[in-house]
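Text of query26.cif (mmCIF, C-alpha atoms) as supplied:
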```cif
data_query
#
loop_
_atom_site.label_atom_id
_atom_site.label_comp_id
_atom_site.auth_asym_id
_atom_site.auth_seq_id
_atom_site.Cartn_x
_atom_site.Cartn_y
_atom_site.Cartn_z
CA MET D 15 0.00 0.00 0.00
CA THR D 16 1.61 3.27 -1.13
CA PRO D 17 1.13 6.80 0.20
CA VAL D 18 -0.34 7.56 -3.24
CA GLY D 19 -3.10 5.01 -2.54
CA TYR D 20 -3.81 6.52 0.85
CA ALA D 21 -3.89 10.06 -0.53
CA ALA D 22 -6.17 9.05 -3.39
CA ALA D 23 -8.63 7.33 -1.04
CA VAL D 24 -8.72 10.27 1.35
CA THR D 25 -9.29 12.60 -1.59
CA ASP D 26 -12.13 10.34 -2.76
CA ALA D 27 -13.64 10.46 0.72
CA GLN D 28 -13.58 14.26 0.71
CA ARG D 29 -14.85 14.77 -2.84
CA ASP D 30 -18.12 16.57 -3.35
CA PRO D 31 -20.59 13.83 -4.38
CA ALA D 32 -22.40 16.25 -6.71
CA SER D 33 -19.28 16.66 -8.86
CA GLY D 34 -18.60 12.92 -9.30
CA SER D 35 -20.08 10.19 -11.49
CA ASP D 36 -23.73 9.12 -11.34
CA VAL D 37 -22.79 6.46 -8.79
CA PRO D 38 -20.16 7.97 -6.48
CA PRO D 39 -18.03 5.90 -4.10
CA THR D 40 -20.04 5.42 -0.93
CA GLU D 41 -17.50 7.26 1.25
CA ALA D 42 -18.14 10.43 -0.73
CA THR D 43 -21.23 10.98 1.41
CA ALA D 44 -19.67 9.83 4.70
CA GLY D 45 -20.30 11.85 7.83
CA PRO D 46 -17.51 11.82 10.44
CA ALA D 47 -13.84 11.56 9.42
CA ILE D 48 -12.60 7.96 9.05
CA PRO D 49 -9.01 6.73 9.42
CA ALA D 50 -7.04 6.79 6.16
CA GLU D 51 -6.39 3.01 6.15
CA LEU D 52 -10.09 2.29 6.65
CA ALA D 53 -10.92 4.64 3.77
CA VAL D 54 -8.45 2.76 1.53
CA LEU D 55 -9.96 -0.62 2.44
CA ARG D 56 -13.52 0.62 1.96
CA SER D 57 -12.58 2.05 -1.43
CA SER D 58 -11.28 -1.43 -2.44
CA ILE D 59 -14.45 -3.08 -1.11
CA ASP D 60 -16.55 -0.63 -3.14
CA ASN D 61 -14.56 -1.47 -6.29
CA ILE D 62 -14.91 -5.20 -5.60
CA ASP D 63 -18.67 -4.81 -5.08
CA ALA D 64 -19.02 -2.97 -8.39
CA ALA D 65 -17.14 -5.84 -10.09
CA LEU D 66 -19.39 -8.41 -8.38
CA VAL D 67 -22.58 -6.62 -9.50
CA HIS D 68 -21.40 -6.48 -13.12
CA ILE D 69 -20.23 -10.10 -13.17
CA LEU D 70 -23.51 -11.24 -11.58
CA ALA D 71 -25.43 -9.30 -14.25
CA GLU D 72 -23.52 -11.27 -16.93
CA ARG D 73 -24.17 -14.56 -15.11
CA PHE D 74 -27.92 -13.94 -15.09
CA LYS D 75 -27.81 -13.05 -18.80
CA ALA D 76 -26.20 -16.46 -19.43
CA THR D 77 -28.64 -18.41 -17.24
CA LEU D 78 -31.53 -16.58 -18.90
CA ARG D 79 -30.30 -17.85 -22.25
CA VAL D 80 -29.92 -21.33 -20.75
CA GLY D 81 -33.54 -21.15 -19.52
CA ARG D 82 -34.84 -20.09 -22.94
CA LEU D 83 -32.73 -22.71 -24.73
CA LYS D 84 -33.96 -25.47 -22.41
CA ALA D 85 -37.56 -24.36 -22.98
CA GLU D 86 -37.03 -24.39 -26.80
CA LEU D 87 -35.35 -27.81 -26.76
CA ASP D 88 -37.81 -29.19 -24.21
CA LEU D 89 -35.02 -30.05 -21.78
CA PRO D 90 -35.75 -30.40 -18.02
CA PRO D 91 -35.22 -27.07 -16.17
CA SER D 92 -32.98 -28.57 -13.49
CA ASP D 93 -29.96 -30.84 -13.85
CA PRO D 94 -28.93 -32.25 -10.43
CA GLY D 95 -25.78 -33.87 -11.87
CA ARG D 96 -24.52 -30.54 -13.21
CA GLU D 97 -25.31 -28.80 -9.91
CA GLU D 98 -23.32 -31.41 -7.97
CA ARG D 99 -20.35 -30.94 -10.30
CA GLN D 100 -20.62 -27.14 -10.00
CA ILE D 101 -20.61 -27.34 -6.19
CA ALA D 102 -17.59 -29.70 -6.13
CA ARG D 103 -15.66 -27.47 -8.55
CA LEU D 104 -16.50 -24.24 -6.70
CA ARG D 105 -15.50 -25.77 -3.37
CA GLY D 106 -12.13 -26.70 -4.93
CA LEU D 107 -11.64 -23.20 -6.37
CA ALA D 108 -12.64 -21.63 -3.05
CA HIS D 109 -10.10 -23.75 -1.20
CA GLU D 110 -7.35 -22.64 -3.61
CA ALA D 111 -8.42 -18.97 -3.30
CA GLY D 112 -8.55 -18.94 0.52
CA LEU D 113 -12.36 -18.72 0.64
CA ASP D 114 -14.38 -20.95 2.97
CA PRO D 115 -15.63 -23.83 0.70
CA ALA D 116 -18.84 -24.05 2.76
CA PHE D 117 -19.48 -20.38 1.99
CA ALA D 118 -18.81 -20.96 -1.72
CA GLU D 119 -21.44 -23.70 -1.72
CA LYS D 120 -23.93 -21.48 0.15
CA PHE D 121 -23.18 -18.72 -2.35
CA LEU D 122 -23.92 -20.97 -5.36
CA ASN D 123 -27.19 -22.07 -3.75
CA PHE D 124 -28.10 -18.41 -3.19
CA ILE D 125 -27.48 -17.62 -6.87
CA VAL D 126 -29.27 -20.74 -8.11
CA ALA D 127 -32.38 -19.80 -6.08
CA GLU D 128 -32.50 -16.52 -8.03
CA VAL D 129 -31.95 -18.39 -11.33
CA ILE D 130 -34.95 -20.61 -10.51
CA ARG D 131 -37.00 -17.47 -9.78
CA HIS D 132 -36.01 -16.15 -13.24
CA HIS D 133 -36.91 -19.42 -14.95
CA GLU D 134 -40.30 -19.45 -13.22
CA ALA D 135 -40.87 -15.90 -14.53
CA ILE D 136 -40.01 -17.09 -18.07
CA ALA D 137 -42.46 -19.99 -17.68
CA LYS D 138 -45.18 -17.43 -16.84
CA GLY D 139 -44.26 -15.43 -19.97
CA GLU D 140 -42.68 -12.61 -17.93
CA ASP D 141 -39.25 -11.03 -18.51
CA PRO D 142 -37.31 -11.63 -15.27
CA LEU D 143 -34.82 -8.85 -16.11
CA ALA D 144 -37.43 -6.24 -17.07
CA PRO D 145 -37.30 -3.15 -14.83
CA MET C 18 -20.94 -16.47 -31.04
CA THR C 19 -18.54 -18.03 -33.57
CA PRO C 20 -18.21 -21.66 -34.71
CA VAL C 21 -14.77 -21.58 -33.03
CA GLY C 22 -16.46 -20.89 -29.68
CA TYR C 23 -18.88 -23.73 -30.16
CA ALA C 24 -16.17 -26.16 -31.22
CA ALA C 25 -13.95 -25.19 -28.29
CA ALA C 26 -16.76 -25.71 -25.79
CA VAL C 27 -17.71 -29.09 -27.22
CA THR C 28 -14.06 -30.14 -27.10
CA ASP C 29 -13.94 -29.00 -23.47
CA ALA C 30 -17.04 -31.04 -22.73
CA GLN C 31 -15.47 -34.14 -24.23
CA ARG C 32 -12.01 -33.75 -22.68
CA ASP C 33 -10.79 -36.42 -20.30
CA PRO C 34 -10.98 -34.80 -16.86
CA ALA C 35 -7.82 -36.64 -15.76
CA SER C 36 -5.76 -34.79 -18.38
CA GLY C 37 -6.96 -31.29 -17.42
CA SER C 38 -6.17 -28.90 -14.58
CA ASP C 39 -6.76 -29.69 -10.89
CA VAL C 40 -10.19 -28.10 -11.16
CA PRO C 41 -11.60 -29.05 -14.59
CA PRO C 42 -14.64 -27.36 -16.11
CA THR C 43 -17.73 -29.08 -14.73
CA GLU C 44 -18.91 -30.29 -18.15
CA ALA C 45 -15.74 -32.40 -18.50
CA THR C 46 -17.43 -34.99 -16.30
CA ALA C 47 -20.90 -34.64 -17.84
CA GLY C 48 -22.88 -37.78 -18.59
CA PRO C 49 -25.28 -37.62 -21.55
CA ALA C 50 -24.47 -35.45 -24.57
CA ILE C 51 -25.65 -31.85 -24.22
CA PRO C 52 -26.49 -29.45 -27.07
CA ALA C 53 -23.50 -27.40 -28.26
CA GLU C 54 -25.08 -24.03 -27.41
CA LEU C 55 -25.87 -25.20 -23.88
CA ALA C 56 -22.26 -26.38 -23.48
CA VAL C 57 -21.03 -22.92 -24.58
CA LEU C 58 -23.30 -21.15 -22.09
CA ARG C 59 -22.35 -23.49 -19.26
CA SER C 60 -18.67 -22.97 -20.03
CA SER C 61 -19.23 -19.18 -19.68
CA ILE C 62 -21.17 -19.68 -16.43
CA ASP C 63 -18.29 -21.80 -15.08
CA ASN C 64 -15.78 -19.06 -15.97
CA ILE C 65 -18.01 -16.43 -14.35
CA ASP C 66 -18.33 -18.55 -11.20
CA ALA C 67 -14.54 -18.94 -10.96
CA ALA C 68 -14.23 -15.14 -11.24
CA LEU C 69 -16.89 -14.65 -8.54
CA VAL C 70 -15.12 -17.05 -6.14
CA HIS C 71 -11.79 -15.28 -6.57
CA ILE C 72 -13.27 -11.79 -6.24
CA LEU C 73 -15.22 -12.87 -3.13
CA ALA C 74 -11.98 -14.24 -1.64
CA GLU C 75 -10.41 -10.79 -2.11
CA ARG C 76 -13.44 -9.07 -0.61
CA PHE C 77 -13.23 -11.18 2.55
CA LYS C 78 -9.49 -10.44 2.81
CA ALA C 79 -10.37 -6.72 2.77
CA THR C 80 -13.21 -7.02 5.31
CA LEU C 81 -10.94 -9.10 7.55
CA ARG C 82 -8.43 -6.25 7.56
CA VAL C 83 -11.28 -3.82 8.27
CA GLY C 84 -12.33 -5.98 11.23
CA ARG C 85 -8.80 -6.09 12.64
CA LEU C 86 -8.29 -2.34 12.07
CA LYS C 87 -11.56 -1.49 13.81
CA ALA C 88 -10.60 -3.71 16.75
CA GLU C 89 -7.18 -2.00 16.98
CA LEU C 90 -8.66 1.51 16.76
CA ASP C 91 -11.55 0.60 19.07
CA LEU C 92 -14.11 1.56 16.39
CA PRO C 93 -17.64 0.11 16.49
CA PRO C 94 -17.89 -3.11 14.39
CA SER C 95 -20.96 -1.98 12.46
CA ASP C 96 -21.59 1.31 10.67
CA PRO C 97 -25.26 1.58 9.64
CA GLY C 98 -24.63 4.79 7.68
CA ARG C 99 -22.00 3.13 5.51
CA GLU C 100 -24.24 0.09 4.94
CA GLU C 101 -27.09 2.34 3.79
CA ARG C 102 -24.77 4.11 1.34
CA GLN C 103 -23.43 0.77 0.06
CA ILE C 104 -26.96 -0.51 -0.58
CA ALA C 105 -28.00 2.68 -2.39
CA ARG C 106 -24.85 2.61 -4.55
CA LEU C 107 -25.14 -1.12 -5.39
CA ARG C 108 -28.81 -0.70 -6.33
CA GLY C 109 -27.77 2.10 -8.71
CA LEU C 110 -24.97 0.00 -10.24
CA ALA C 111 -27.31 -3.00 -10.54
CA HIS C 112 -29.89 -0.88 -12.38
CA GLU C 113 -27.21 0.30 -14.84
CA ALA C 114 -25.92 -3.28 -15.34
CA GLY C 115 -29.36 -4.84 -15.95
CA LEU C 116 -29.40 -6.68 -12.62
CA ASP C 117 -32.48 -6.60 -10.37
CA PRO C 118 -31.66 -3.93 -7.71
CA ALA C 119 -33.63 -5.90 -5.11
CA PHE C 120 -31.38 -8.89 -5.80
CA ALA C 121 -28.25 -6.70 -5.49
CA GLU C 122 -29.45 -5.58 -2.05
CA LYS C 123 -30.20 -9.18 -1.00
CA PHE C 124 -26.75 -10.16 -2.28
CA LEU C 125 -25.01 -7.48 -0.19
CA ASN C 126 -26.95 -8.58 2.90
CA PHE C 127 -25.89 -12.18 2.21
CA ILE C 128 -22.21 -11.16 2.04
CA VAL C 129 -22.46 -8.88 5.09
CA ALA C 130 -23.90 -11.76 7.15
CA GLU C 131 -20.72 -13.73 6.37
CA VAL C 132 -18.54 -10.72 7.22
CA ILE C 133 -20.27 -10.49 10.62
CA ARG C 134 -19.58 -14.21 11.14
CA HIS C 135 -15.87 -13.54 10.38
CA HIS C 136 -15.76 -10.59 12.78
CA GLU C 137 -17.36 -12.69 15.52
CA ALA C 138 -14.66 -15.33 14.94
CA ILE C 139 -11.97 -12.62 15.29
CA ALA C 140 -13.58 -11.45 18.54
CA LYS C 141 -13.28 -15.03 19.85
CA GLY C 142 -9.58 -15.09 18.87
CA GLU C 143 -10.20 -17.51 15.95
CA ASP C 144 -8.97 -17.10 12.37
CA PRO C 145 -12.15 -17.02 10.24
CA LEU C 146 -10.19 -17.91 7.07
CA ALA C 147 -8.27 -20.82 8.59
CA PRO C 148 -8.96 -24.16 6.84
#
```
Could you render the structure from this file as structure tokens?
Amino acid sequence: MTPVGYAAAVTDAQRDPASGSDVPPTEATAGPAIPAELAVLRSSIDNIDAALVHILAERFKATLRVGRLKAELDLPPSDPGREERQIARLRGLAHEAGLDPAFAEKFLNFIVAEVIRHHEAIAKGEDPLAP
Amino acid sequence: MTPVGYAAAVTDAQRDPASGSDVPPTEATAGPAIPAELAVLRSSIDNIDAALVHILAERFKATLRVGRLKAELDLPPSDPGREERQIARLRGLAHEAGLDPAFAEKFLNFIVAEVIRHHEAIAKGEDPLAP
């Protein structure tokens, strides 16, 4: 962590939110002063969260296409064998990345529950990604 | 989507899992033949999931440092104002990315619940990321 990083984060924290982008970093609207190192970490967490939101958006685009393709081809909506393989693979990747494998499995189940909600919306003729 | 992409995915699906990496794509161990387009989509979903796992691992490293820093500086573990700002920002990003903002909020709450679990482990003198 360089002094440049610290200075940049503190500057971010003090920036007028009205002058920034449409979606400013959350610390731009913070109240009381926060320690510089905490500001740096929060700025990284905010960047990571933005990445997660955009990657999740792509994942749901892909599962939406899977849902439509399965409906077209008259394939069963769920595939327990694939889900088992996904869980085993994600647990392995989590272990390598230093993430709790049990959390990785819980995370996949959380996402899959939303995918099922989308597929149910498709079955009802609704667009699950419509605003 | 190009024929190259299709061909590559089908080849992936047919590859002997023993000859691949430690964590092969999940379709490498698939049973019955699956349509080429479905194999392509699943291969993208697997890549996205690997990205999510690695980004989540980084996020928990950052929140772990936040937890330790707050303990050192005797700062309160939770900051409702920051959480409100995070939710508002993530909902905005989700809207721009075509992700359901309600899901983005649920997702953040899901992650924060795990962060709290980590911070409780720290308070008990345990390492929440220990295997």
- Message: Which residues, named as in the file, does the PyMOL selection byres ((chain C) within 7 of (chain D)) pick out? Answer as number ranges by chain.
- Response: C: 40, 43, 55, 58, 62, 65, 67, 69-72, 74, 76, 79, 83, 102-103, 106, 109-111, 114-117, 121, 146
Using C-alpha atoms, can you export the residues from the last selection as a compact mmCIF listing (two decimals), in the coordinates of the input?
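The file below, result_23.txt, is the result:
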```txt
# COMPACT_ATOMS: atom_id res chain seq x y z
CA VAL C 40 -10.19 -28.10 -11.16
CA THR C 43 -17.73 -29.08 -14.73
CA LEU C 55 -25.87 -25.20 -23.88
CA LEU C 58 -23.30 -21.15 -22.09
CA ILE C 62 -21.17 -19.68 -16.43
CA ILE C 65 -18.01 -16.43 -14.35
CA ALA C 67 -14.54 -18.94 -10.96
CA LEU C 69 -16.89 -14.65 -8.54
CA VAL C 70 -15.12 -17.05 -6.14
CA HIS C 71 -11.79 -15.28 -6.57
CA ILE C 72 -13.27 -11.79 -6.24
CA ALA C 74 -11.98 -14.24 -1.64
CA ARG C 76 -13.44 -9.07 -0.61
CA ALA C 79 -10.37 -6.72 2.77
CA VAL C 83 -11.28 -3.82 8.27
CA ARG C 102 -24.77 4.11 1.34
CA GLN C 103 -23.43 0.77 0.06
CA ARG C 106 -24.85 2.61 -4.55
CA GLY C 109 -27.77 2.10 -8.71
CA LEU C 110 -24.97 0.00 -10.24
CA ALA C 111 -27.31 -3.00 -10.54
CA ALA C 114 -25.92 -3.28 -15.34
CA GLY C 115 -29.36 -4.84 -15.95
CA LEU C 116 -29.40 -6.68 -12.62
CA ASP C 117 -32.48 -6.60 -10.37
CA ALA C 121 -28.25 -6.70 -5.49
CA LEU C 146 -10.19 -17.91 7.07
```
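Atom pair CA of Pro94 (chain D) / CA of Ala135 (chain D): separated by 20.7 Å.
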- Query: What is the distance between CA of Lys138 (chain D) and CA of Glu122 (chain C), in Å to one decimal?
  - Reply: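 Answer for the CA of Lys138 (chain D) to CA of Glu122 (chain C) separation: 24.6 Å.
Interatomic distance, CA of Glu140 (chain D) to CA of Glu86 (chain D): 15.8 Å.
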